[in-house]
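S.K.: My structure is below; once you've seen it, I'll send some questions.
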Amino acid sequence: MTDSSALFSRPDRCTAVLGSYEALVRREAAALEKINVAQRLWAKDATLWSADGAVQQKIAQRLGWLTVPEAMTAHAGDLTAWAASVASSGVADIVLLGMGGSSLCPEVCRRIIGVAKGAPNLTVLDTTDPSTILQVERRLDLRRTLFLVASKSGGTIEVDALCRYFAEKVRAVAGKAWGGHFVAITDPGTPLEQQAKRDDYRRCVLNPADIGGRFSALSYFGLVPVSLMGVSIKDFLARSTQMMQLCQAHDVERNPGVWLGLLLGVLAKAGRDKVTLLPSPALRGLGLWVEQLVAESTGKEGKGLVPIDGERAGAPEAYGADRLFISFEMQGEADTAHQAQLKALCRAGHPLVRLGFRDSLDLAGEFFRWEVATAVAGLVLGVNPFDEPNVTESKEYTRRLLAHTTNAGDAPAPQEGLVEQGLRLFVPSGRVTGGSLKDAVWNFFRQAGPTDYVALLAYLPQSDAHDAALQTIRRVIGDRLHVATTVGYGPRYLHSTGQLHKGGDGRGLFLLITSDEREDAPVPGRPYSFGVLKRAQALGDEAALAKRGRRVLRLHLGADVTGDLDRAAGLIRSGGESRFLPPLPPSDVRL
């Protein structure tokens, strides 16, 4: 394995150990060069992804991200000056109301780069969980808070509900001047643009319309909140422009984005479709953004890359032959456990890609690298990476449920299957196999084959305690079944891995986890509350998954979410030993 000094001396800060896949990758690289993939990408040639003229026209309208770093550089001074004026006006908190591509870049930048001294605190609110919303509201001084309402379409249901809620709260304390506490980020001509003008928002920022949501990190959707964090937009864009220039190389192996996309696509076709992300400590959190970009772009037509983020690192023998490992490494970060893990994986024959970061601002370059890579991976896999054909399925079921809802008790639920210790288990067909909850859950997990994955989809408040319990469940499943696992909070994952779940190859097993609400909040102007909306989204996705023949189980907790989730984790941990591979020895390596 290449040492760290060699990694960081490369212009692209990327090395790969491919083992037995080396020859295959070289052949595919030559094939891409033969069709002039880099030149055609930069010519915005939509025929790369489709032979259908109508589809090509739609793709052509989604390629603005290729040149957005240079385009945005012309606006860096304006963004910086405006952000300074916001900070000097006494704004203490920025709250971003967004979902998916409109929220995850700022969230990752907040975690990894951080908020500069003297800049307002940034909170990303991408949930319909009422207790989370109320918790955020209670700690804010609304008179000193600026809300960023971010939606490409201008009509995202979660963003609309959050905007309605906080607009009513701010109106109560700010009176007629309440619109000055809101900024819209949207495409031209959307309902949100009209709303911003009507209600006299502080600013309405119109994004280039030829950029899809998940490819929008380096557009205004990412740059407006990042500038308000006090990050130098000039420096941020300079890093992305450097990567953009490298990604114009015609030689596939010298083109960082095309090369990574080739690796992702070729190894997935060879069975290594579980893209397992291994960040060093300083870069934890980046997987949230990579996950939504890769999964939503490639998971369709029965194909797709399955990003595995946040999974506990295990011994090499714990992993199947379906893994491609991607390591994110910060220069100067002494993490011997991480390096030891990488060496062990290479010795065991697992393919490994290493990506180096000189400092946290290199995030900007990685955003661009991964956007190019995802576009190229779609080409290699034979899918259109710029559409999301199955995302509307869950939305439609949610709309149907909400259409029959007039109060918090009206959202329908499927037939109850099993009740034990206050925990309830549901399946779409109404049949549960097993005399106890523990047996029923493990009978469900027993269906997992060696190349399947188990997804935990939690419609719960996100907290350290809930993270820990979900990771316990995940670890037990992975150790005993030796399969990949993912965790997603709803409804966030609907704008991330939701497309993959329904449009991918069907090898997922989905455990939805829902709960009663301890407290709730109304959505102003709508006949439902946030609790009802969240429940409808969970049941809507359950119905969409079931309709596609996906393997689905739902575990419902009571209002004591933390206690019930711990109880469920304990039950799952205590089962399955006699039916599955024995647990692995505990690992001291965590990434």
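To be explicit about the labels: the chains of the structure tokens are called A, B, and onward in the order shown, and within each one the residues are counted from 1, while ligands get numbers from 1 in the order they are shown.
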Quick one: contact table of region 208-249 of chain A to region 109-120 of chain A, 9 Å max, nearest atom pair and distance in Å to one decimal per residue, counting only C-alpha atoms, chain and number order, as a tab-separated table?
M.R.:
residue	atom	partner	partner_atom	distance
A:Val226	CA	A:Cys109	CA	7.1
A:Leu228	CA	A:Ala119	CA	6.8
A:Met229	CA	A:Val115	CA	4.8
A:Gly230	CA	A:Ala116	CA	5.0
A:Val231	CA	A:Ala116	CA	6.7
S.K.: Could you pull out the residues in region 298-374 of chain A that DSSP calls alpha helix (DSSP H) from the backbone, as a list in words?
M.R.: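 Across region 298-374 of chain A, those assigned alpha helix (DSSP H) are Thr298, Thr336, Ala337, His338, Gln339, Ala340, Gln341, Leu342, Lys343, Ala344, Leu345, Cys346, Arg347, Leu363, Ala364, Gly365, Glu366, Phe367, Phe368, Arg369, Trp370, Glu371, Val372, Ala373 and Thr374 of chain A.
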S.K.: Please run DSSP on the backbone and report, as a list in words, all residues within region 438-588 of chain A that come out as strand (DSSP E).
M.R.: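 These are the residues in question: Tyr453, Val454, Ala455, Leu456, Leu457, Ala458, Ala484, Thr485, Thr486, Val487, Gly488, Tyr489, Gly508, Leu509, Phe510, Leu511, Leu512, Ile513, Thr514, Ser515, Arg551, Val552, Leu553, Arg554, Leu555, His556 and Leu557 of chain A.
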S.K.: Those residues you just picked out, can you put them in a file as a JSON list (two decimals), in the first residue's frame with N, CA and C atoms?
M.R.:
[["chain", "number", "residue", "atom", "x", "y", "z"],
["A", 453, "TYR", "N", -27.83, -6.55, 1.56],
["A", 453, "TYR", "CA", -27.52, -5.58, 2.61],
["A", 453, "TYR", "C", -28.77, -5.34, 3.43],
["A", 454, "VAL", "N", -28.57, -4.94, 4.68],
["A", 454, "VAL", "CA", -29.67, -4.64, 5.59],
["A", 454, "VAL", "C", -29.66, -3.15, 5.88],
["A", 455, "ALA", "N", -30.82, -2.50, 5.65],
["A", 455, "ALA", "CA", -30.94, -1.06, 5.86],
["A", 455, "ALA", "C", -31.87, -0.80, 7.04],
["A", 456, "LEU", "N", -31.38, -0.05, 8.02],
["A", 456, "LEU", "CA", -32.20, 0.39, 9.15],
["A", 456, "LEU", "C", -32.68, 1.80, 8.83],
["A", 457, "LEU", "N", -34.00, 1.99, 8.78],
["A", 457, "LEU", "CA", -34.60, 3.26, 8.37],
["A", 457, "LEU", "C", -35.41, 3.79, 9.54],
["A", 458, "ALA", "N", -34.83, 4.76, 10.24],
["A", 458, "ALA", "CA", -35.35, 5.18, 11.54],
["A", 458, "ALA", "C", -36.10, 6.51, 11.44],
["A", 484, "ALA", "N", -23.38, -6.28, 4.45],
["A", 484, "ALA", "CA", -23.27, -4.83, 4.61],
["A", 484, "ALA", "C", -24.53, -4.28, 5.27],
["A", 485, "THR", "N", -24.37, -3.20, 6.00],
["A", 485, "THR", "CA", -25.49, -2.57, 6.70],
["A", 485, "THR", "C", -25.46, -1.06, 6.49],
["A", 486, "THR", "N", -26.63, -0.46, 6.50],
["A", 486, "THR", "CA", -26.74, 1.00, 6.42],
["A", 486, "THR", "C", -27.72, 1.48, 7.47],
["A", 487, "VAL", "N", -27.59, 2.75, 7.83],
["A", 487, "VAL", "CA", -28.53, 3.41, 8.73],
["A", 487, "VAL", "C", -28.93, 4.74, 8.11],
["A", 488, "GLY", "N", -30.23, 5.02, 8.07],
["A", 488, "GLY", "CA", -30.70, 6.30, 7.58],
["A", 488, "GLY", "C", -31.84, 6.80, 8.43],
["A", 489, "TYR", "N", -31.83, 8.10, 8.71],
["A", 489, "TYR", "CA", -32.95, 8.70, 9.42],
["A", 489, "TYR", "C", -33.98, 9.20, 8.40],
["A", 508, "GLY", "N", -31.79, -5.47, -0.95],
["A", 508, "GLY", "CA", -31.88, -4.90, 0.38],
["A", 508, "GLY", "C", -32.95, -5.55, 1.23],
["A", 509, "LEU", "N", -32.71, -5.60, 2.53],
["A", 509, "LEU", "CA", -33.73, -5.94, 3.52],
["A", 509, "LEU", "C", -33.92, -4.69, 4.36],
["A", 510, "PHE", "N", -35.17, -4.25, 4.53],
["A", 510, "PHE", "CA", -35.44, -2.94, 5.11],
["A", 510, "PHE", "C", -36.22, -3.07, 6.41],
["A", 511, "LEU", "N", -35.59, -2.62, 7.49],
["A", 511, "LEU", "CA", -36.25, -2.56, 8.79],
["A", 511, "LEU", "C", -36.59, -1.11, 9.07],
["A", 512, "LEU", "N", -37.86, -0.74, 8.92],
["A", 512, "LEU", "CA", -38.31, 0.60, 9.28],
["A", 512, "LEU", "C", -38.59, 0.64, 10.77],
["A", 513, "ILE", "N", -38.20, 1.71, 11.42],
["A", 513, "ILE", "CA", -38.43, 1.87, 12.85],
["A", 513, "ILE", "C", -39.20, 3.17, 13.05],
["A", 514, "THR", "N", -40.41, 3.06, 13.58],
["A", 514, "THR", "CA", -41.26, 4.22, 13.84],
["A", 514, "THR", "C", -41.59, 4.27, 15.32],
["A", 515, "SER", "N", -42.24, 5.33, 15.75],
["A", 515, "SER", "CA", -42.56, 5.47, 17.17],
["A", 515, "SER", "C", -43.78, 6.35, 17.36],
["A", 551, "ARG", "N", -38.17, -6.64, 0.61],
["A", 551, "ARG", "CA", -38.37, -7.31, 1.90],
["A", 551, "ARG", "C", -38.40, -6.25, 2.99],
["A", 552, "VAL", "N", -39.57, -6.09, 3.62],
["A", 552, "VAL", "CA", -39.78, -4.98, 4.54],
["A", 552, "VAL", "C", -40.38, -5.48, 5.85],
["A", 553, "LEU", "N", -39.88, -4.94, 6.95],
["A", 553, "LEU", "CA", -40.43, -5.18, 8.27],
["A", 553, "LEU", "C", -40.45, -3.83, 8.97],
["A", 554, "ARG", "N", -41.47, -3.60, 9.81],
["A", 554, "ARG", "CA", -41.52, -2.33, 10.55],
["A", 554, "ARG", "C", -41.67, -2.60, 12.03],
["A", 555, "LEU", "N", -40.79, -1.99, 12.79],
["A", 555, "LEU", "CA", -40.80, -2.08, 14.25],
["A", 555, "LEU", "C", -41.29, -0.75, 14.79],
["A", 556, "HIS", "N", -42.36, -0.79, 15.58],
["A", 556, "HIS", "CA", -42.93, 0.45, 16.10],
["A", 556, "HIS", "C", -42.69, 0.52, 17.61],
["A", 557, "LEU", "N", -42.13, 1.66, 18.03],
["A", 557, "LEU", "CA", -41.82, 1.91, 19.43],
["A", 557, "LEU", "C", -42.91, 2.77, 20.05]]
S.K.: Tell me which protein, DNA and RNA residues are within 12 Å of Pro351 (chain A), counting only C-alpha atoms, leaving out same-chain ones fewer than 3 positions away, and put them as JSON, numbers by chain.
M.R.: {"A": [1, 15, 16, 17, 18, 19, 20, 21, 22, 25, 263, 264, 266, 267, 268, 270, 271, 272, 273, 274, 275, 276, 316, 319, 320, 321, 322, 323, 324, 325, 326, 327, 342, 343, 344, 345, 346, 347, 348, 354]}
S.K.: Fewer than 6 positions away in the same chain doesn't count, so skip those; otherwise give me all residues within 12 Å of Ala81 (chain A), counting only C-alpha atoms, as a compact mmCIF listing (two decimals) with N, CA and C atoms, in the first residue's frame.
M.R.:
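Resulting contents of part.txt:
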# COMPACT_ATOMS: atom_id res chain seq x y z
N HIS A 75 -19.05 35.58 -8.27
CA HIS A 75 -19.97 36.07 -7.24
C HIS A 75 -19.40 35.92 -5.83
N ALA A 87 -23.69 38.92 9.56
CA ALA A 87 -23.06 38.74 10.88
C ALA A 87 -23.05 40.04 11.67
N SER A 88 -22.77 41.16 10.99
CA SER A 88 -22.69 42.45 11.69
C SER A 88 -24.05 43.00 12.07
N VAL A 224 -24.15 29.68 -0.26
CA VAL A 224 -24.79 30.67 0.61
C VAL A 224 -24.62 30.30 2.08
N SER A 227 -20.86 30.43 3.10
CA SER A 227 -20.36 31.80 3.28
C SER A 227 -20.82 32.38 4.62
N LEU A 228 -22.04 32.08 5.03
CA LEU A 228 -22.56 32.57 6.31
C LEU A 228 -21.84 31.93 7.50
N GLY A 230 -18.77 31.80 7.63
CA GLY A 230 -17.51 32.52 7.73
C GLY A 230 -16.38 31.90 6.94
N VAL A 231 -16.69 30.92 6.07
CA VAL A 231 -15.68 30.29 5.24
C VAL A 231 -15.35 31.22 4.07
N SER A 232 -14.09 31.30 3.69
CA SER A 232 -13.68 32.10 2.54
C SER A 232 -14.18 31.45 1.27
N ILE A 233 -15.16 32.05 0.64
CA ILE A 233 -15.72 31.48 -0.59
C ILE A 233 -14.69 31.52 -1.71
N LYS A 234 -13.85 32.53 -1.73
CA LYS A 234 -12.81 32.61 -2.75
C LYS A 234 -11.88 31.41 -2.65
S.K.: Using only C-alpha atoms, which of A:Ala375, A:Leu418, A:Ala334, A:Leu305 sits nearest Ile59 (chain A)?
M.R.: A:Ala375
S.K.: Quote the spacing between CA of Arg13 (chain A) and CA of Ala238 (chain A) in Å to one decimal place.
M.R.: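 Rounded to one decimal, the two atoms are 16.3 Å apart.
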S.K.: Which residue is closest to Pro225 (chain A)? Choose from A:Val306, A:Cys105, A:Cys204, A:Val136 and count only C-alpha atoms.
M.R.: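 The answer is A:Cys105, which sits nearest to Pro225 (chain A).
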